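Data file: upload.csv. Format and content: CSV, C-alpha atoms and all ligand atoms.
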```csv
chain,number,residue,atom,x,y,z
R,15,MET,CA,93.3,5.4,-1.2
R,16,THR,CA,93.8,1.7,-1.3
R,17,ILE,CA,90.6,-0.3,-1.3
R,18,VAL,CA,90.9,-3.5,0.8
R,19,LEU,CA,88.7,-6.4,-0.5
R,20,GLY,CA,87.9,-9.5,1.6
R,21,LEU,CA,87.6,-12.6,-0.6
R,22,THR,CA,85.9,-15.4,1.2
R,23,GLY,CA,84.0,-18.6,0.7
R,24,GLY,CA,83.8,-22.1,2.1
R,25,ILE,CA,86.3,-24.9,1.8
R,26,ALA,CA,86.7,-25.8,-1.9
R,27,SER,CA,84.1,-23.2,-3.0
R,28,GLY,CA,86.6,-21.6,-5.4
R,29,LYS,CA,88.5,-18.9,-3.6
R,30,SER,CA,91.9,-19.9,-5.0
R,31,THR,CA,90.5,-20.2,-8.4
R,32,VAL,CA,89.1,-16.6,-8.1
R,33,SER,CA,92.2,-15.2,-6.4
R,34,LYS,CA,94.3,-16.5,-9.3
R,35,MET,CA,92.1,-14.5,-11.7
R,36,ILE,CA,92.6,-11.5,-9.5
R,37,ARG,CA,96.4,-11.8,-9.6
R,38,GLU,CA,96.2,-12.1,-13.3
R,39,LEU,CA,94.7,-8.6,-13.3
R,40,GLY,CA,97.8,-7.3,-11.4
R,41,ILE,CA,96.1,-7.0,-8.1
R,42,ARG,CA,98.0,-8.2,-5.0
R,43,VAL,CA,96.3,-11.0,-3.1
R,44,ILE,CA,97.2,-11.8,0.5
R,45,ASP,CA,96.5,-15.5,1.1
R,46,ALA,CA,95.6,-16.4,4.7
R,47,ASP,CA,96.2,-20.1,4.1
R,48,VAL,CA,99.8,-19.3,3.0
R,49,ILE,CA,100.3,-17.2,6.1
R,50,ALA,CA,98.8,-19.9,8.2
R,51,ARG,CA,101.5,-22.2,6.9
R,52,GLU,CA,104.3,-19.8,7.5
R,53,VAL,CA,103.5,-19.0,11.1
R,54,VAL,CA,103.7,-22.7,12.1
R,55,GLU,CA,107.1,-23.3,10.6
R,56,ILE,CA,109.8,-24.8,12.9
R,57,GLY,CA,111.1,-22.3,15.3
R,58,LYS,CA,108.1,-19.9,15.2
R,59,PRO,CA,106.3,-19.2,18.5
R,60,ALA,CA,103.1,-20.9,17.3
R,61,TYR,CA,105.0,-24.1,16.4
R,62,GLN,CA,106.2,-24.5,20.0
R,63,GLN,CA,102.7,-23.9,21.3
R,64,ILE,CA,101.2,-26.5,18.9
R,65,VAL,CA,103.7,-29.1,20.0
R,66,GLU,CA,103.0,-28.4,23.6
R,67,THR,CA,99.2,-28.6,23.1
R,68,PHE,CA,98.9,-31.5,20.6
R,69,GLY,CA,102.0,-33.5,21.5
R,70,LEU,CA,105.0,-34.9,19.5
R,71,ASP,CA,102.7,-37.3,17.6
R,72,ILE,CA,101.6,-34.6,15.3
R,73,LEU,CA,105.1,-34.1,13.9
R,74,LEU,CA,106.7,-35.6,10.8
R,75,ASP,CA,110.2,-37.2,11.1
R,76,ASN,CA,111.8,-34.0,9.9
R,77,GLY,CA,110.2,-32.1,12.8
R,78,GLU,CA,107.6,-30.2,10.7
R,79,ILE,CA,103.9,-30.3,11.5
R,80,ASN,CA,102.1,-33.2,9.9
R,81,ARG,CA,99.2,-31.2,8.4
R,82,GLY,CA,97.2,-34.2,7.5
R,83,LYS,CA,97.3,-35.5,11.0
R,84,LEU,CA,96.6,-32.2,12.7
R,85,GLY,CA,93.7,-31.7,10.2
R,86,GLU,CA,92.2,-35.1,11.2
R,87,ILE,CA,92.3,-34.0,14.9
R,88,ILE,CA,90.9,-30.5,14.6
R,89,PHE,CA,88.2,-31.3,12.0
R,90,SER,CA,86.7,-34.0,14.2
R,91,SER,CA,86.7,-32.0,17.5
R,92,GLU,CA,85.4,-28.5,17.9
R,93,GLN,CA,87.3,-28.1,21.2
R,94,LYS,CA,90.6,-29.0,19.6
R,95,ARG,CA,89.9,-26.7,16.6
R,96,LEU,CA,89.2,-23.8,18.9
R,97,GLN,CA,92.5,-24.5,20.7
R,98,LEU,CA,94.4,-24.5,17.4
R,99,ASN,CA,92.6,-21.3,16.3
R,100,GLU,CA,93.6,-19.6,19.6
R,101,ILE,CA,97.2,-20.4,18.9
R,102,VAL,CA,97.5,-19.5,15.3
R,103,HIS,CA,94.9,-16.9,14.5
R,104,PRO,CA,96.5,-13.9,16.4
R,105,ALA,CA,99.8,-14.5,14.4
R,106,ILE,CA,97.9,-14.8,11.1
R,107,ARG,CA,96.0,-11.6,11.9
R,108,LEU,CA,99.2,-9.6,12.7
R,109,GLU,CA,100.9,-10.7,9.5
R,110,MET,CA,97.8,-9.9,7.4
R,111,LEU,CA,97.7,-6.4,8.9
R,112,LYS,CA,101.4,-5.9,8.2
R,113,GLN,CA,100.9,-6.9,4.5
R,114,ILE,CA,97.9,-4.7,4.1
R,115,GLU,CA,99.9,-1.7,5.5
R,116,ASP,CA,102.7,-2.5,3.1
R,117,GLU,CA,100.3,-2.3,0.2
R,118,LYS,CA,98.8,0.9,1.4
R,119,ARG,CA,102.2,2.5,1.6
R,120,LYS,CA,102.7,1.6,-2.1
R,121,HIS,CA,99.4,3.5,-2.8
R,122,SER,CA,98.0,0.5,-4.8
R,123,ASN,CA,94.4,0.9,-6.0
R,124,ALA,CA,93.3,-2.3,-4.4
R,125,VAL,CA,94.5,-5.2,-2.3
R,126,VAL,CA,92.6,-8.5,-1.7
R,127,LEU,CA,92.6,-10.6,1.4
R,128,ASP,CA,91.8,-14.2,0.6
R,129,ILE,CA,90.6,-15.6,3.9
R,130,PRO,CA,88.2,-18.5,4.4
R,131,LEU,CA,87.2,-17.6,8.0
R,132,LEU,CA,86.6,-13.9,7.4
R,133,PHE,CA,83.1,-14.1,8.9
R,134,GLU,CA,83.7,-16.9,11.4
R,135,SER,CA,86.6,-15.0,12.9
R,136,LYS,CA,84.8,-11.6,12.8
R,137,LEU,CA,87.6,-10.0,10.7
R,138,THR,CA,85.4,-7.9,8.4
R,139,TYR,CA,86.8,-4.8,10.2
R,140,LEU,CA,90.0,-5.4,8.2
R,141,VAL,CA,88.3,-4.8,4.8
R,142,ASP,CA,86.2,-2.2,3.0
R,143,LYS,CA,84.1,-4.7,1.1
R,144,THR,CA,83.5,-8.5,1.2
R,145,ILE,CA,83.2,-10.8,-1.9
R,146,LEU,CA,81.8,-14.3,-1.3
R,147,VAL,CA,82.6,-17.2,-3.7
R,148,TYR,CA,79.8,-19.7,-3.2
R,149,VAL,CA,78.6,-23.0,-4.6
R,150,ASP,CA,75.7,-25.3,-3.6
R,151,GLU,CA,76.3,-28.0,-1.0
R,152,GLU,CA,76.4,-30.8,-3.5
R,153,THR,CA,79.0,-29.2,-5.7
R,154,GLN,CA,81.1,-28.2,-2.7
R,155,LEU,CA,81.2,-31.8,-1.4
R,156,LYS,CA,81.9,-33.2,-4.8
R,157,ARG,CA,84.8,-30.8,-5.5
R,158,LEU,CA,86.3,-31.2,-2.1
R,159,MET,CA,86.3,-35.0,-2.3
R,160,GLN,CA,87.8,-34.9,-5.7
R,161,ARG,CA,90.5,-32.4,-5.0
R,162,ASN,CA,91.7,-33.8,-1.7
R,163,GLY,CA,90.8,-37.5,-2.1
R,164,PHE,CA,88.7,-37.3,1.0
R,165,SER,CA,85.9,-39.8,1.9
R,166,GLU,CA,82.4,-38.3,2.1
R,167,GLU,CA,82.7,-38.4,5.9
R,168,GLU,CA,86.0,-36.5,6.0
R,169,ALA,CA,84.7,-33.9,3.5
R,170,VAL,CA,81.4,-33.4,5.4
R,171,LEU,CA,83.3,-32.8,8.7
R,172,ARG,CA,85.4,-30.1,7.1
R,173,ILE,CA,82.4,-28.4,5.6
R,174,GLN,CA,80.5,-28.5,8.9
R,175,SER,CA,83.4,-26.9,10.7
R,176,GLN,CA,82.6,-23.6,8.9
R,177,MET,CA,79.6,-21.3,8.8
R,178,PRO,CA,77.3,-22.6,6.0
R,179,LEU,CA,77.6,-20.8,2.7
R,180,THR,CA,73.8,-20.0,2.8
R,181,GLU,CA,74.5,-17.9,6.0
R,182,LYS,CA,77.6,-16.3,4.5
R,183,ARG,CA,75.5,-15.2,1.5
R,184,LEU,CA,73.5,-13.0,3.8
R,185,LEU,CA,76.6,-11.3,5.2
R,186,ALA,CA,78.6,-10.6,2.0
R,187,ASP,CA,78.5,-7.4,0.0
R,188,GLU,CA,79.1,-9.1,-3.4
R,189,LEU,CA,78.4,-12.6,-4.5
R,190,ILE,CA,80.1,-14.9,-7.1
R,191,ASN,CA,78.2,-18.0,-8.0
R,192,ASN,CA,80.9,-20.6,-8.8
R,193,ASN,CA,78.5,-23.5,-9.6
R,194,GLY,CA,79.0,-22.9,-13.3
R,195,THR,CA,82.0,-22.8,-15.6
R,196,ILE,CA,85.3,-21.0,-14.9
R,197,GLU,CA,84.4,-18.5,-17.6
R,198,GLU,CA,81.1,-17.7,-16.0
R,199,THR,CA,82.9,-17.1,-12.7
R,200,LYS,CA,85.5,-14.9,-14.4
R,201,LYS,CA,82.8,-12.7,-15.9
R,202,GLN,CA,81.1,-12.2,-12.5
R,203,LEU,CA,84.4,-11.2,-11.0
R,204,HIS,CA,85.3,-8.7,-13.7
R,205,ASP,CA,81.8,-7.1,-13.4
R,206,ILE,CA,82.2,-6.7,-9.7
R,207,LEU,CA,85.8,-5.4,-9.9
R,208,SER,CA,85.0,-2.9,-12.6
R,209,TYR,CA,82.2,-1.5,-10.5
R,210,ILE,CA,84.2,-1.4,-7.2
R,211,ILE,CA,87.6,-0.3,-8.5
R,212,HIS,CA,87.6,2.8,-10.7
E,1,LIG,C1,94.5,-28.0,10.2
E,1,LIG,C2,95.6,-27.7,9.1
E,1,LIG,C3,97.0,-28.0,9.6
E,1,LIG,C4,95.3,-28.6,7.9
E,1,LIG,O1,96.2,-28.2,6.9
E,1,LIG,P1,95.9,-28.5,5.3
E,1,LIG,O2,97.2,-28.2,4.6
E,1,LIG,O3,95.4,-29.9,5.2
E,1,LIG,O4,94.8,-27.5,4.8
E,1,LIG,P2,94.9,-26.0,4.5
E,1,LIG,O5,95.6,-25.2,5.5
E,1,LIG,O6,95.3,-25.8,3.1
E,1,LIG,O7,93.4,-25.5,4.7
E,1,LIG,C5,92.4,-25.9,3.7
E,1,LIG,C6,91.1,-25.3,4.1
E,1,LIG,O8,90.6,-25.8,5.3
E,1,LIG,C7,89.7,-24.8,5.9
E,1,LIG,N1,90.2,-24.6,7.3
E,1,LIG,C8,91.5,-24.6,7.7
E,1,LIG,N2,91.6,-24.3,9.1
E,1,LIG,C9,90.3,-24.2,9.5
E,1,LIG,C10,89.8,-24.0,10.8
E,1,LIG,N3,90.5,-23.8,11.8
E,1,LIG,N4,88.4,-23.9,10.9
E,1,LIG,C11,87.6,-24.1,9.8
E,1,LIG,N5,88.1,-24.3,8.5
E,1,LIG,C12,89.5,-24.4,8.4
E,1,LIG,C13,89.8,-23.6,5.1
E,1,LIG,O9,88.8,-23.5,4.2
E,1,LIG,C14,91.1,-23.8,4.3
E,1,LIG,O10,91.1,-23.0,3.1
E,1,LIG,C15,95.5,-26.2,8.7
E,1,LIG,O11,94.3,-25.9,8.0
E,1,LIG,C16,95.6,-25.2,9.9
E,1,LIG,O12,96.7,-25.0,10.4
E,1,LIG,N6,94.5,-24.6,10.2
E,1,LIG,C17,94.4,-23.6,11.3
E,1,LIG,C18,94.7,-22.2,10.7
E,1,LIG,C19,93.5,-21.6,10.0
E,1,LIG,O13,92.5,-21.3,10.7
E,1,LIG,N7,93.5,-21.5,8.7
E,1,LIG,C20,92.5,-21.0,7.9
E,1,LIG,C21,92.7,-19.7,7.4
E,1,LIG,S1,93.0,-18.4,8.5
E,2,LIG,N1,83.9,-23.3,-11.8
E,2,LIG,C1,84.5,-24.5,-11.5
E,2,LIG,N2,84.3,-25.6,-12.3
E,2,LIG,C2,84.9,-26.7,-12.0
E,2,LIG,N3,85.8,-26.9,-11.1
E,2,LIG,C3,86.1,-25.9,-10.3
E,2,LIG,C4,85.5,-24.6,-10.5
E,2,LIG,N4,86.0,-23.7,-9.5
E,2,LIG,C5,86.8,-24.4,-8.8
E,2,LIG,N5,86.9,-25.7,-9.2
E,2,LIG,C6,87.7,-26.8,-8.6
E,2,LIG,O1,87.2,-27.0,-7.3
E,2,LIG,C7,88.3,-27.3,-6.4
E,2,LIG,C8,88.2,-26.2,-5.3
E,2,LIG,O2,88.5,-24.9,-5.8
E,2,LIG,P1,89.6,-24.0,-5.1
E,2,LIG,O3,90.8,-24.8,-4.8
E,2,LIG,O4,89.7,-22.7,-5.9
E,2,LIG,O5,88.8,-23.7,-3.7
E,2,LIG,P2,89.2,-22.9,-2.4
E,2,LIG,O6,87.9,-22.2,-2.0
E,2,LIG,O7,90.4,-22.1,-2.7
E,2,LIG,O8,89.5,-24.1,-1.4
E,2,LIG,P3,90.2,-24.0,0.1
E,2,LIG,O9,89.2,-23.4,1.0
E,2,LIG,O10,90.3,-25.4,0.4
E,2,LIG,O11,91.5,-23.3,0.0
E,2,LIG,C9,89.6,-27.2,-7.2
E,2,LIG,O12,89.9,-28.5,-7.5
E,2,LIG,C10,89.2,-26.4,-8.4
E,2,LIG,O13,90.0,-26.8,-9.5
```
Take the structure in the file and write it out as structure tokens.
Ligand SMILES: CC(C)(COP(=O)(O)OP(=O)(O)OC[C@H]1O[C@@H](n2cnc3c(N)ncnc32)[C@H](O)[C@@H]1O)[C@@H](O)C(=O)NCCC(=O)NCCS
Ligand SMILES: Nc1ncnc2c1ncn2[C@@H]1O[C@H](COP(=O)(O)OP(=O)(O)OP(=O)(O)O)[C@@H](O)[C@H]1O
Amino acid sequence: MTIVLGLTGGIASGKSTVSKMIRELGIRVIDADVIAREVVEIGKPAYQQIVETFGLDILLDNGEINRGKLGEIIFSSEQKRLQLNEIVHPAIRLEMLKQIEDEKRKHSNAVVLDIPLLFESKLTYLVDKTILVYVDEETQLKRLMQRNGFSEEEAVLRIQSQMPLTEKRLLADELINNNGTIEETKKQLHDILSYIIH
């Protein structure tokens, strides 16, 4: 039996940092953000729908989607964000399901889905257990501004487009507090995995 773990968090809460640690243990991680990029490549059905919905202005000179520009649009309008979600989420979900099935066929002990919107998109049915990487609001804002070079306003808009981490904490099976050092986070992860995966 392959156990399917859902790794989630908020924007810049540390999911990628934790998923890298998981990969280092030899466990396969399926990254929803990577899949989200692949399903909107030129020529894919979702690409066409995005251009029809948001117009040619959101394209770069080479025809690819200008992610910075599309981000500005969808993180400042809930209606636009829901429109984009409706276009891309079904394709992301299908691809994630396919990759989970691949891993089950290989009889791996465990596979991890790294997916920021696990709770918002009600996708917990895909996984056996959920692990939340959380930080306090101040740390989240600071790390997001630093990593992406966003102004406070841009960073706040993105954080507010997701379910608050305080709410996600009530929904998750396991919690990793990532306010501290990388080593402290790694220890929590190892403790959780050694208890879940035998
Ligand atoms: C708007 C886009 C083009 C911005 O691209 P960009 O390269 O700047 O950011 P990236 O994709 O790396 O996402 C960064 C983080 O933003 C957050 N985020 C992304 N999309 C959304 C969304 N629709 N709602 C809430 N938060 C989101 C997530 O925490 C994600 O980890 C891109 O995020 C996108 O296509 N989003 C829609 C698909 C989606 O929902 N992805 C989230 C995982 S399923
Ligand atoms: N414990 C930590 N101490 C200091 N910095 C950290 C820690 N954990 C993560 N970071 C930094 O915070 C930023 C956000 O972390 P990371 O990219 O892992 O978040 P994420 O949840 O994957 O983000 P996203 O939702 O945008 O994909 C990165 O710049 C990362 O290097």
Could you give me, as CSV, every chain R residue with an atom at most 8 Å from ligand LIG 2 (chain E), plus its closest atom pair and distance in Å to one decimal, counting only C-alpha atoms and all ligand atoms, rows ordered by chain then number?
```
residue,atom,partner,partner_atom,distance
R:Thr22,CA,E:LIG2,O6,7.8
R:Gly23,CA,E:LIG2,O6,6.0
R:Gly24,CA,E:LIG2,O9,5.7
R:Ile25,CA,E:LIG2,O9,3.4
R:Ala26,CA,E:LIG2,O8,3.3
R:Ser27,CA,E:LIG2,O6,4.1
R:Gly28,CA,E:LIG2,O4,3.3
R:Lys29,CA,E:LIG2,O6,3.7
R:Ser30,CA,E:LIG2,O7,3.5
R:Thr31,CA,E:LIG2,O4,3.6
R:Val32,CA,E:LIG2,O4,6.5
R:Ser33,CA,E:LIG2,O4,7.9
R:Asp47,CA,E:LIG2,O11,7.0
R:Pro130,CA,E:LIG2,O9,6.0
R:Val147,CA,E:LIG2,O6,7.5
R:Gln154,CA,E:LIG2,O1,7.7
R:Arg157,CA,E:LIG2,O1,4.8
R:Leu158,CA,E:LIG2,C7,6.1
R:Gln160,CA,E:LIG2,O12,7.0
R:Arg161,CA,E:LIG2,O12,4.7
R:Asn192,CA,E:LIG2,N1,5.0
R:Asn193,CA,E:LIG2,N1,5.8
R:Gly194,CA,E:LIG2,N1,5.1
R:Thr195,CA,E:LIG2,N1,4.3
R:Ile196,CA,E:LIG2,N1,4.1
R:Glu197,CA,E:LIG2,N1,7.5
R:Glu198,CA,E:LIG2,N1,7.5
R:Thr199,CA,E:LIG2,N1,6.3
```
- [ ] Select, counting only C-alpha atoms, all protein, DNA and RNA residues no farther than 6 Å from (82.6, -6.5, -7.1) in file coordinates, and express the selection as a list in words.
- [x]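 Final list of nearby residues, as requested, is Glu188, Ile206, Leu207 and Ile210 of chain R.
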- [ ] One decimal, Å: what's the distance from atom O12 of ligand LIG 1 (chain E) over to CA of Gln113 (chain R), could you say?
- [x] 19.5 Å
TODO: Find the residues around Glu109 (chain R) up to 12 Å (all atoms listed in the file counted), leave out those fewer than 2 positions away in its own chain, and share them as number ranges by chain.
DONE: R: 44-53, 102-107, 111-116, 127
TODO: Using only C-alpha atoms and all ligand atoms, find the one residue out of R:Ile88, R:Leu73, R:Ala169, R:Met159 that sits nearest to ligand LIG 1 (chain E).
DONE: R:Ile88
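Atom O5 of ligand LIG 1 (chain E) is found 11.9 Å from CA of Asn162 (chain R).
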- [ ] Taking the point (90.5, -21.7, 18.1) as given in the file, collect each protein or nucleic acid residue that comes within 12 Å of it, counting only C-alpha atoms, and present the set as a list of chain:residue names.
- [x]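 Collected hits near the coordinates: R:Ile64, R:Ile88, R:Phe89, R:Ser91, R:Glu92, R:Gln93, R:Lys94, R:Arg95, R:Leu96, R:Gln97, R:Leu98, R:Asn99, R:Glu100, R:Ile101, R:Val102, R:His103, R:Pro104, R:Leu131, R:Glu134, R:Ser135, R:Ser175.
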Output the selection as a compact mmCIF listing (two decimals), keeping the file's coordinate frame - C-alpha atoms for each residue.
```
# COMPACT_ATOMS: atom_id res chain seq x y z
CA ILE R 64 101.20 -26.50 18.90
CA ILE R 88 90.90 -30.50 14.60
CA PHE R 89 88.20 -31.30 12.00
CA SER R 91 86.70 -32.00 17.50
CA GLU R 92 85.40 -28.50 17.90
CA GLN R 93 87.30 -28.10 21.20
CA LYS R 94 90.60 -29.00 19.60
CA ARG R 95 89.90 -26.70 16.60
CA LEU R 96 89.20 -23.80 18.90
CA GLN R 97 92.50 -24.50 20.70
CA LEU R 98 94.40 -24.50 17.40
CA ASN R 99 92.60 -21.30 16.30
CA GLU R 100 93.60 -19.60 19.60
CA ILE R 101 97.20 -20.40 18.90
CA VAL R 102 97.50 -19.50 15.30
CA HIS R 103 94.90 -16.90 14.50
CA PRO R 104 96.50 -13.90 16.40
CA LEU R 131 87.20 -17.60 8.00
CA GLU R 134 83.70 -16.90 11.40
CA SER R 135 86.60 -15.00 12.90
CA SER R 175 83.40 -26.90 10.70
```
Task: Computed interatomic separation between CA of Ile173 (chain R) and CA of Leu185 (chain R) (Å) - done: 18.1 Å
Task: Of the listed residues R:Arg172, R:Lys118, R:Lys156, R:Arg42, that which approaches ligand LIG 1 (chain E) most closely, counting only C-alpha atoms and all ligand atoms - done: R:Arg172
Task: Selected residue of minimal separation from ligand LIG 1 (chain E) among R:Gln63, R:Gln176, R:Asn123, R:Ser208, counting all atoms listed in the file - done: R:Gln176
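Closest to ligand LIG 1 (chain E) among R:Phe164, R:Glu86, R:Val125, R:Met15 is R:Glu86, based on all atoms listed in the file.
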Open item on the list: If we count all atoms listed in the file and set the cut-off at 6 Å, which residues sit around Ala124 (chain R), ignoring sequence neighbours fewer than 6 positions away in its own chain? Please answer as a VMD selection string.
Closed with: chain R and resid 16 to 18
